[in-house]
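Below you'll find the structure, written out as structure tokens, and then a few comments.
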Amino acid sequence: MHALRWIRFAFVLALLVGGLPHAAAQDGLPAKMAGTWNGITPGKGTPFGGDWSVVVEKQEGGGVEGKVNWVGRFCAIENEPFTGKFDGTTLTLAVEFRDRMPNAGCGKATLVLKKGSGNEFEGTIPGSRFNYRLTLKPS
């Protein structure tokens, strides 16, 4: 009888341990994601937007690192490194925009996106005067 209990215990333990890598993988981000961004100019209300993408190179303990691309008329990011956090629900990226025109005033920004269905994200750049709306999904 003791041997039967041990076999049952070993079987249940194997099922639990075997399921852990799968559960951890579900909480991870896709390696490549792409999406769109849209904004509105203050005062005039003119809409503008473009495409952007993220490559996740490292993810551990809630920290995320990789490269980002952002195509914009005045500000852009071309394969620049980012750091961030992902808690399973909220993805936060710290990025550095580069001026594409003199005195564009780009610089550092924090992008905050919430995970929706699947691995699709929607978010914004809090504090921006351009009322950005961002989307991102696996590519």
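Please note that chains go A, B, ... in the order of the structure tokens, that every chain numbers its residues from 1, and that ligands are numbered from 1 in the order shown.
Shell of Gly84 of chain A at 7 Å, with only C-alpha atoms counted and residues fewer than 4 places along the chain excluded, is Gly63, Val64, Glu65, Thr92, Leu93 and Ala94 of chain A.
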Would you write out those residues with C-alpha atoms, as a PDB file, in the first residue's frame?
```pdb
ATOM      1  CA  GLY A  63      12.027  42.826 -16.306  1.00  0.00           C
ATOM      2  CA  VAL A  64      12.023  43.161 -20.090  1.00  0.00           C
ATOM      3  CA  GLU A  65      14.745  44.315 -22.493  1.00  0.00           C
ATOM      4  CA  THR A  92       5.724  49.367 -19.447  1.00  0.00           C
ATOM      5  CA  LEU A  93       8.534  50.408 -21.808  1.00  0.00           C
ATOM      6  CA  ALA A  94      11.097  53.165 -21.253  1.00  0.00           C
TER       7      ALA A  94
END
```
Using only C-alpha atoms, tabulate the residues of segment 86-105 of chain A lying at most 10 Å from any atom of segment 66-80 of chain A, each with its closest atom pair and that distance in Å to one decimal, by chain and increasing residue number, as CSV.
```
residue,atom,partner,partner_atom,distance
A:Leu93,CA,A:Val68,CA,9.5
A:Val95,CA,A:Glu80,CA,7.9
A:Glu96,CA,A:Ile77,CA,7.1
A:Phe97,CA,A:Ile77,CA,5.3
A:Arg98,CA,A:Ala76,CA,5.4
A:Asp99,CA,A:Cys75,CA,4.9
A:Arg100,CA,A:Phe74,CA,5.0
A:Met101,CA,A:Phe74,CA,5.8
A:Pro102,CA,A:Phe74,CA,8.9
A:Asn103,CA,A:Phe74,CA,9.4
A:Ala104,CA,A:Phe74,CA,6.0
A:Gly105,CA,A:Cys75,CA,8.2
```
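For Thr41 of chain A, the list of residues within 10 Å, based on only C-alpha atoms and with local chain neighbours fewer than 6 positions off taken out, reads Pro47, Phe48, Arg129, Phe130, Asn131 and Tyr132 of chain A.
Omitting Gly49 of chain A and its sequence neighbours fewer than 2 positions away, and counting only C-alpha atoms, the residues within 6 Å are Trp37, Asn38 and Gly39 of chain A.
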Generate a file of the selected residues that holds N, CA and C atoms, formatted as a compact mmCIF listing (two decimals), in the first residue's frame.
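Output saved as out29.txt:
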```
# COMPACT_ATOMS: atom_id res chain seq x y z
N TRP A 37 0.48 53.42 -33.83
CA TRP A 37 0.32 54.49 -32.85
C TRP A 37 -0.41 55.63 -33.55
N ASN A 38 -1.25 56.31 -32.79
CA ASN A 38 -1.99 57.46 -33.31
C ASN A 38 -1.99 58.55 -32.26
N GLY A 39 -1.94 59.79 -32.73
CA GLY A 39 -1.98 60.94 -31.85
C GLY A 39 -2.80 62.06 -32.47
```
| Residue list (alpha helix (DSSP H), DSSP) for segment 5-139 of chain A, as an MDAnalysis selection string | chainID A and resid 5:27
File of the preceding selection, N, CA and C atoms, as a PDB file, in the first residue's frame:
```pdb
ATOM      1  N   ARG A   5       0.892   4.598  -2.775  1.00  0.00           N
ATOM      2  CA  ARG A   5       0.827   6.020  -2.423  1.00  0.00           C
ATOM      3  C   ARG A   5       2.003   6.778  -3.032  1.00  0.00           C
ATOM      4  N   TRP A   6       3.201   6.191  -2.951  1.00  0.00           N
ATOM      5  CA  TRP A   6       4.389   6.838  -3.505  1.00  0.00           C
ATOM      6  C   TRP A   6       4.251   7.023  -5.020  1.00  0.00           C
ATOM      7  N   ILE A   7       3.725   6.023  -5.696  1.00  0.00           N
ATOM      8  CA  ILE A   7       3.542   6.108  -7.154  1.00  0.00           C
ATOM      9  C   ILE A   7       2.537   7.208  -7.480  1.00  0.00           C
ATOM     10  N   ARG A   8       1.423   7.281  -6.744  1.00  0.00           N
ATOM     11  CA  ARG A   8       0.434   8.341  -6.965  1.00  0.00           C
ATOM     12  C   ARG A   8       1.052   9.723  -6.727  1.00  0.00           C
ATOM     13  N   PHE A   9       1.808   9.850  -5.630  1.00  0.00           N
ATOM     14  CA  PHE A   9       2.464  11.110  -5.316  1.00  0.00           C
ATOM     15  C   PHE A   9       3.426  11.505  -6.430  1.00  0.00           C
ATOM     16  N   ALA A  10       4.237  10.553  -6.890  1.00  0.00           N
ATOM     17  CA  ALA A  10       5.201  10.836  -7.957  1.00  0.00           C
ATOM     18  C   ALA A  10       4.483  11.245  -9.240  1.00  0.00           C
ATOM     19  N   PHE A  11       3.357  10.592  -9.537  1.00  0.00           N
ATOM     20  CA  PHE A  11       2.593  10.919 -10.741  1.00  0.00           C
ATOM     21  C   PHE A  11       2.026  12.339 -10.657  1.00  0.00           C
ATOM     22  N   VAL A  12       1.425  12.698  -9.541  1.00  0.00           N
ATOM     23  CA  VAL A  12       0.864  14.039  -9.359  1.00  0.00           C
ATOM     24  C   VAL A  12       1.979  15.081  -9.407  1.00  0.00           C
ATOM     25  N   LEU A  13       3.099  14.804  -8.769  1.00  0.00           N
ATOM     26  CA  LEU A  13       4.226  15.728  -8.787  1.00  0.00           C
ATOM     27  C   LEU A  13       4.745  15.929 -10.216  1.00  0.00           C
ATOM     28  N   ALA A  14       4.820  14.856 -10.979  1.00  0.00           N
ATOM     29  CA  ALA A  14       5.283  14.960 -12.366  1.00  0.00           C
ATOM     30  C   ALA A  14       4.329  15.813 -13.189  1.00  0.00           C
ATOM     31  N   LEU A  15       3.030  15.670 -12.974  1.00  0.00           N
ATOM     32  CA  LEU A  15       2.057  16.495 -13.686  1.00  0.00           C
ATOM     33  C   LEU A  15       2.221  17.967 -13.325  1.00  0.00           C
ATOM     34  N   LEU A  16       2.395  18.251 -12.044  1.00  0.00           N
ATOM     35  CA  LEU A  16       2.554  19.638 -11.616  1.00  0.00           C
ATOM     36  C   LEU A  16       3.824  20.253 -12.161  1.00  0.00           C
ATOM     37  N   VAL A  17       4.932  19.566 -12.037  1.00  0.00           N
ATOM     38  CA  VAL A  17       6.209  20.092 -12.505  1.00  0.00           C
ATOM     39  C   VAL A  17       6.202  20.216 -14.022  1.00  0.00           C
ATOM     40  N   GLY A  18       5.619  19.269 -14.706  1.00  0.00           N
ATOM     41  CA  GLY A  18       5.536  19.323 -16.171  1.00  0.00           C
ATOM     42  C   GLY A  18       4.694  20.483 -16.654  1.00  0.00           C
ATOM     43  N   GLY A  19       3.728  20.911 -15.873  1.00  0.00           N
ATOM     44  CA  GLY A  19       2.866  22.029 -16.256  1.00  0.00           C
ATOM     45  C   GLY A  19       3.463  23.388 -15.966  1.00  0.00           C
ATOM     46  N   LEU A  20       4.482  23.467 -15.107  1.00  0.00           N
ATOM     47  CA  LEU A  20       5.063  24.758 -14.747  1.00  0.00           C
ATOM     48  C   LEU A  20       5.705  25.494 -15.919  1.00  0.00           C
ATOM     49  N   PRO A  21       6.508  24.854 -16.756  1.00  0.00           N
ATOM     50  CA  PRO A  21       7.077  25.601 -17.880  1.00  0.00           C
ATOM     51  C   PRO A  21       5.996  26.146 -18.810  1.00  0.00           C
ATOM     52  N   HIS A  22       4.916  25.400 -18.990  1.00  0.00           N
ATOM     53  CA  HIS A  22       3.822  25.877 -19.835  1.00  0.00           C
ATOM     54  C   HIS A  22       3.167  27.108 -19.223  1.00  0.00           C
ATOM     55  N   ALA A  23       2.946  27.087 -17.923  1.00  0.00           N
ATOM     56  CA  ALA A  23       2.333  28.242 -17.260  1.00  0.00           C
ATOM     57  C   ALA A  23       3.240  29.456 -17.345  1.00  0.00           C
ATOM     58  N   ALA A  24       4.534  29.263 -17.155  1.00  0.00           N
ATOM     59  CA  ALA A  24       5.462  30.388 -17.236  1.00  0.00           C
ATOM     60  C   ALA A  24       5.516  30.947 -18.644  1.00  0.00           C
ATOM     61  N   ALA A  25       5.453  30.073 -19.660  1.00  0.00           N
ATOM     62  CA  ALA A  25       5.497  30.543 -21.044  1.00  0.00           C
ATOM     63  C   ALA A  25       4.277  31.384 -21.378  1.00  0.00           C
ATOM     64  N   GLN A  26       3.129  31.074 -20.791  1.00  0.00           N
ATOM     65  CA  GLN A  26       1.933  31.855 -21.057  1.00  0.00           C
ATOM     66  C   GLN A  26       2.062  33.274 -20.520  1.00  0.00           C
ATOM     67  N   ASP A  27       2.827  33.478 -19.455  1.00  0.00           N
ATOM     68  CA  ASP A  27       2.997  34.800 -18.885  1.00  0.00           C
ATOM     69  C   ASP A  27       4.045  35.623 -19.631  1.00  0.00           C
TER      70      ASP A  27
END
```
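Here atom CA of Leu91 of chain A is placed at a distance of 8.2 Å from atom CA of Phe121 of chain A.
Closest approach to Gly127 of chain A among A:Ile40, A:Lys58, A:Thr110, A:Gly88 is made by A:Thr110 (distances from only C-alpha atoms).
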| said: as a ChimeraX atom specification, please: the residues near Gly61 of chain A (cut-off 9 Å, only C-alpha atoms, same-chain neighbours under 6 positions excluded). | reply: /A:85-87
File of the preceding selection, C-alpha atoms, as an mmCIF file, in the first residue's frame:
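out26.cif, freshly written:
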```
data_model
loop_
_atom_site.group_PDB
_atom_site.id
_atom_site.type_symbol
_atom_site.label_atom_id
_atom_site.label_comp_id
_atom_site.auth_asym_id
_atom_site.auth_seq_id
_atom_site.Cartn_x
_atom_site.Cartn_y
_atom_site.Cartn_z
ATOM 1 C CA LYS A 85 8.492 45.671 -16.976
ATOM 2 C CA PHE A 86 5.740 43.137 -17.576
ATOM 3 C CA ASP A 87 3.634 41.871 -14.701
#
```
| said: as a ChimeraX atom specification, please: the residues near Ala34 of chain A (cut-off 10 Å, only C-alpha atoms, same-chain neighbours under 5 positions excluded). | reply: /A:51-55,68-70,120,135-139
